[in-house]
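See below for final_13.txt, which holds compact mmCIF, C-alpha atoms.
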```txt
# COMPACT_ATOMS: atom_id res chain seq x y z
CA MET I 1270 123.82 0.05 -33.81
CA GLU I 1271 120.55 1.31 -35.29
CA GLN I 1272 118.86 3.91 -33.09
CA GLN I 1273 115.24 3.41 -32.01
CA PRO I 1274 112.91 6.14 -33.30
CA GLN I 1275 111.97 8.58 -30.53
CA GLN I 1276 108.32 8.99 -29.55
CA PRO I 1277 106.89 12.49 -30.18
CA LEU I 1278 107.02 14.62 -27.04
CA ALA I 1279 103.34 15.51 -27.37
CA LEU I 1280 102.33 11.89 -27.23
CA ALA I 1281 104.59 11.15 -24.28
CA ALA I 1282 103.17 14.16 -22.46
CA THR I 1283 99.62 13.08 -23.27
CA SER I 1284 99.97 9.83 -21.39
CA GLU I 1285 101.62 11.34 -18.32
CA LYS I 1286 100.10 14.75 -17.67
CA ARG I 1287 96.79 16.10 -16.41
CA CYS I 1288 95.58 19.68 -16.82
CA SER I 1289 96.08 21.56 -13.55
CA ASN I 1290 92.77 23.39 -14.02
CA GLU I 1291 90.51 21.33 -11.71
CA CYS I 1292 87.44 22.24 -13.76
CA CYS I 1293 89.12 20.75 -16.83
CA GLY I 1294 91.35 17.82 -15.79
CA ARG I 1295 92.18 16.76 -19.36
CA THR I 1296 94.66 13.94 -19.72
CA SER I 1297 95.12 14.41 -23.47
CA SER I 1298 96.04 17.59 -25.29
CA LEU I 1299 97.52 18.65 -28.62
CA ARG I 1300 100.18 20.44 -26.63
CA TRP I 1301 101.04 20.82 -22.94
CA ILE I 1302 102.14 24.27 -21.80
CA LYS I 1303 103.82 25.11 -18.52
CA CYS I 1304 102.38 28.35 -17.13
CA LYS I 1305 102.37 30.33 -13.94
CA TYR I 1306 98.97 29.27 -12.65
CA LYS I 1307 97.72 29.87 -9.11
CA ASN I 1308 101.11 31.23 -8.02
CA LYS I 1309 103.22 28.33 -9.25
CA GLN I 1310 104.45 26.74 -12.49
CA GLN I 1311 101.95 24.13 -13.61
CA TRP I 1312 101.04 22.17 -16.73
CA LEU I 1313 97.90 23.24 -18.59
CA CYS I 1314 96.31 21.77 -21.70
CA HIS I 1315 96.58 23.96 -24.79
CA LEU I 1316 92.95 25.13 -24.43
CA CYS I 1317 93.22 26.25 -20.78
CA ALA I 1318 96.61 27.87 -21.46
CA SER I 1319 95.02 29.87 -24.30
CA TYR I 1320 92.18 31.11 -22.07
CA LEU I 1321 94.65 31.99 -19.31
CA HIS I 1322 96.72 33.98 -21.83
CA LEU I 1323 93.56 35.89 -22.82
CA ASP I 1324 92.83 36.69 -19.12
CA HIS I 1325 89.74 34.49 -19.10
CA CYS I 1326 90.28 33.85 -15.41
CA CYS I 1327 89.48 35.37 -12.05
CA PRO I 1328 92.24 37.98 -11.48
CA PHE I 1329 92.56 36.95 -7.83
CA CYS I 1330 92.60 33.14 -7.82
CA ASP I 1331 93.31 32.45 -11.54
CA GLN I 1332 90.35 30.07 -11.93
CA ILE I 1333 89.94 29.73 -15.68
CA TYR I 1334 86.58 30.02 -17.40
CA LYS I 1335 85.90 29.03 -20.98
CA GLN I 1336 83.54 30.14 -23.70
CA GLY I 1337 80.20 28.53 -22.97
CA ASP I 1338 80.73 28.26 -19.20
CA VAL I 1339 77.80 29.47 -17.11
CA ASP I 1340 77.64 31.17 -13.72
CA MET I 1341 78.39 28.79 -10.81
CA PHE I 1342 80.09 26.27 -13.16
CA ASP I 1343 82.73 25.78 -10.45
CA GLY I 1344 80.27 26.09 -7.57
CA LYS I 1345 81.01 29.80 -7.03
CA ALA I 1346 79.24 33.03 -7.97
CA TRP I 1347 80.78 35.18 -10.70
CA LEU I 1348 80.46 38.90 -11.39
CA GLU I 1349 80.84 40.14 -14.97
CA CYS I 1350 82.63 43.42 -15.62
CA SER I 1351 80.29 45.86 -17.34
CA THR I 1352 83.00 47.20 -19.63
CA CYS I 1353 85.56 44.47 -20.50
CA LEU I 1354 83.18 41.54 -19.71
CA ARG I 1355 85.80 39.74 -17.61
CA TRP I 1356 84.46 37.41 -14.92
CA VAL I 1357 85.52 37.71 -11.29
CA HIS I 1358 84.52 35.59 -8.29
CA SER I 1359 82.33 37.66 -5.95
CA GLU I 1360 83.90 35.71 -3.06
CA CYS I 1361 87.40 36.75 -4.18
CA GLU I 1362 86.29 40.38 -4.47
CA GLU I 1363 84.98 40.30 -0.88
CA LYS I 1364 88.25 38.80 0.39
CA ASN I 1365 90.14 41.60 -1.33
CA GLY I 1366 88.17 44.57 -0.04
CA LEU I 1367 84.91 44.85 -1.99
CA LYS I 1368 82.88 43.90 1.08
CA ASN I 1369 79.44 44.03 -0.60
CA ALA I 1370 80.41 42.02 -3.69
CA ASN I 1371 78.02 39.17 -2.86
CA LEU I 1372 75.18 41.66 -2.36
CA LEU I 1373 76.03 43.21 -5.73
CA TYR I 1374 75.86 39.73 -7.27
CA ARG I 1375 72.47 38.96 -5.67
CA LEU I 1376 71.01 42.30 -6.78
CA GLY I 1377 72.24 41.63 -10.29
CA LYS I 1378 70.29 38.37 -10.26
CA THR I 1379 67.09 39.58 -8.60
CA SER I 1380 66.76 43.34 -9.17
CA LYS I 1381 64.96 44.76 -12.18
CA LYS I 1382 67.42 47.64 -12.16
CA PRO I 1383 70.68 47.11 -14.08
CA THR I 1384 73.77 46.72 -11.90
CA TRP I 1385 77.13 48.22 -12.83
CA TYR I 1386 80.33 46.40 -11.88
CA LEU I 1387 83.97 47.08 -12.74
CA CYS I 1388 86.71 44.47 -12.40
CA PRO I 1389 89.92 45.51 -10.58
CA ASP I 1390 91.81 46.33 -13.81
CA CYS I 1391 88.99 48.49 -15.18
CA CYS I 1392 88.64 50.25 -11.82
CA VAL I 1393 92.27 51.37 -12.00
CA LYS I 1394 92.05 52.18 -15.70
CA TYR I 1395 88.92 54.32 -15.51
CA LYS I 1396 89.82 55.98 -12.23
CA GLU I 1397 93.11 57.21 -13.67
CA SER I 1398 91.45 58.43 -16.88
CA GLY I 1399 88.55 60.06 -15.04
CA ASP I 1400 86.05 58.06 -17.07
CA PHE I 1401 82.36 58.21 -16.15
CA SER I 1402 82.29 54.40 -15.83
CA TYR I 1403 84.27 54.60 -12.59
CA ASP I 1404 82.01 57.33 -11.14
CA LEU I 1405 78.94 55.28 -11.99
CA PHE I 1406 80.34 52.20 -10.27
CA VAL I 1407 81.33 54.17 -7.15
CA TYR I 1408 77.89 55.79 -6.95
CA GLN I 1409 75.99 52.53 -7.40
CA TYR I 1410 78.21 50.74 -4.91
CA SER I 1411 77.63 53.50 -2.35
CA GLN I 1412 73.88 52.82 -2.66
CA LEU I 1413 74.28 49.12 -1.88
CA GLU I 1414 74.42 49.61 1.89
CA LYS I 1415 71.20 51.61 1.75
CA GLU I 1416 69.49 48.94 -0.38
CA LYS I 1417 70.78 46.24 1.96
CA LEU I 1418 69.28 48.02 4.98
CA GLU I 1419 65.96 48.45 3.15
CA LEU I 1420 65.99 44.78 2.15
CA ASP I 1421 66.76 43.64 5.71
CA ASP I 1422 64.13 46.01 7.10
CA GLY I 1423 61.55 44.70 4.60
CA LYS I 1424 62.28 41.09 5.58
CA SER I 1425 62.07 41.97 9.27
CA LYS I 1426 58.70 43.72 8.83
CA LEU I 1427 57.32 40.85 6.74
CA ASN I 1428 58.42 38.28 9.31
CA SER I 1429 56.82 40.34 12.06
CA LEU I 1430 53.52 40.66 10.16
CA ILE I 1431 53.41 36.93 9.37
CA SER I 1432 54.23 35.99 12.95
CA ASP I 1433 51.54 38.32 14.34
CA TYR I 1434 48.99 36.94 11.89
CA LEU I 1435 49.84 33.33 12.73
CA LEU I 1436 49.63 34.03 16.47
CA LEU I 1437 46.26 35.78 16.09
CA SER I 1438 44.92 33.00 13.85
CA ASP I 1439 46.02 30.26 16.24
CA VAL I 1440 44.36 32.01 19.20
CA GLN I 1441 41.11 32.54 17.27
CA VAL I 1442 41.06 28.98 15.94
CA SER I 1443 41.64 27.65 19.46
CA LYS I 1444 38.71 29.70 20.83
CA LYS I 1445 36.38 28.58 18.05
CA ARG I 1446 37.30 24.94 18.53
CA LYS I 1447 36.60 25.17 22.25
CA ALA I 1448 33.22 26.71 21.46
CA GLY I 1449 32.49 23.95 18.95
CA GLY I 1450 32.28 26.36 15.99
CA PRO I 1451 33.97 26.20 12.56
CA ASP I 1452 37.61 27.21 12.15
CA ILE I 1453 37.98 30.92 11.45
CA LEU I 1454 40.54 30.07 8.78
CA ASP I 1455 37.73 28.52 6.73
CA LYS I 1456 36.03 31.91 6.48
CA ILE I 1457 38.88 34.29 5.67
CA GLN I 1458 40.46 34.73 2.25
CA HIS I 1459 44.06 34.05 3.25
CA PRO I 1460 46.46 31.16 2.70
CA SER I 1461 46.47 28.46 5.36
CA SER I 1462 48.81 28.70 8.34
CA LYS I 1463 50.94 25.97 6.79
CA ALA I 1464 51.38 27.96 3.58
CA LEU I 1465 52.22 31.09 5.53
CA ARG I 1466 54.80 29.30 7.60
CA SER I 1467 56.45 27.93 4.46
CA SER I 1468 56.61 31.46 3.03
CA LEU I 1469 58.36 32.89 6.06
CA VAL I 1470 61.36 34.88 4.86
CA VAL I 1471 64.67 33.55 6.20
```

Now, as a test, write the supplied structure out as structure tokens.
Amino acid sequence: MEQQPQQPLALAATSEKRCSNECCGRTSSLRWIKCKYKNKQQWLCHLCASYLHLDHCCPFCDQIYKQGDVDMFDGKAWLECSTCLRWVHSECEEKNGLKNANLLYRLGKTSKKPTWYLCPDCCVKYKESGDFSYDLFVYQYSQLEKEKLELDDGKSKLNSLISDYLLLSDVQVSKKRKAGGPDILDKIQHPSSKALRSSLVV
């Protein structure tokens, strides 16, 4: 009996598998590779498997990122290591002990001062070697709590000033209206109460 030619494994796999990286989800790939991904053996497309092999993933949750991906591509904030350029979820860092990781991320986005961040592997590497990179990260991180208190204090003072101004304006406007005179807000060079309320820091 003449044997039927076998279908190539790659083609058979293409029709049956889906990449386990949720941000990819490919159903076709030149090659499917079984890898330890997110603490269990899973099928990845050849592209995601390559990035995983190169450590282009969060070291805590294994979420893969690819060349060209941007911050928040998976709905989460990413920190970039200042030395090896690896990306790490700020949320994962907080869960694993770096309690001000989200603050570090926000400062990196809003502060004019450069922020210095080391991923877990670089922290170990540079701490053991006594490299200045580790000392710089530790120093900057120690300043975060101070900056956070100053930021919170600044917001609190601004809220208080705006609230006092609104209260004073409302009282003065009410008195003028009762007296039949023009609104005091028409005479002063300040934004309207509505604009001030919309600018209230939350």

Set the distance at 12 Å and use all atoms listed in the file: which residues neighbour region 1367-1381 of chain I once local chain neighbours fewer than 6 positions away are removed? I'd like the list as a PyMOL selection string. chain I and resi 1340-1341+1345-1351+1356-1361+1387-1389+1392+1406-1407+1409-1418+1420-1421

Shell around Ala1318 (chain I) at 10 Å using only C-alpha atoms, local window under 6 positions removed, as a PyMOL selection string: chain I and resi 1288+1290+1300-1306+1312+1324-1325+1333

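Computed from the coordinates, the CA of Thr1352 (chain I) to CA of Cys1391 (chain I) distance equals 7.6 Å.
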
One-decimal distance in Å that lies between CA of Lys1309 (chain I) and CA of Glu1363 (chain I): 23.4 Å

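What separates CA of Lys1394 (chain I) from CA of Tyr1334 (chain I) is a distance of 22.9 Å.
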
With distances taken over all atoms listed in the file, the candidate from I:Tyr1408, I:Gly1366, I:Asp1400, I:His1322 nearest Tyr1386 (chain I) is I:Tyr1408

Tell me, as a count of residues only, which residues lie within 8 Å of Cys1330 (chain I), counting all atoms listed in the file; anything in the same chain fewer than 2 positions away does not count. 6

Using all atoms listed in the file, which of the listed residues (I:Arg1355, I:Arg1295, I:Lys1286, I:Gln1310) sits closest to Leu1323 (chain I)? I:Arg1355
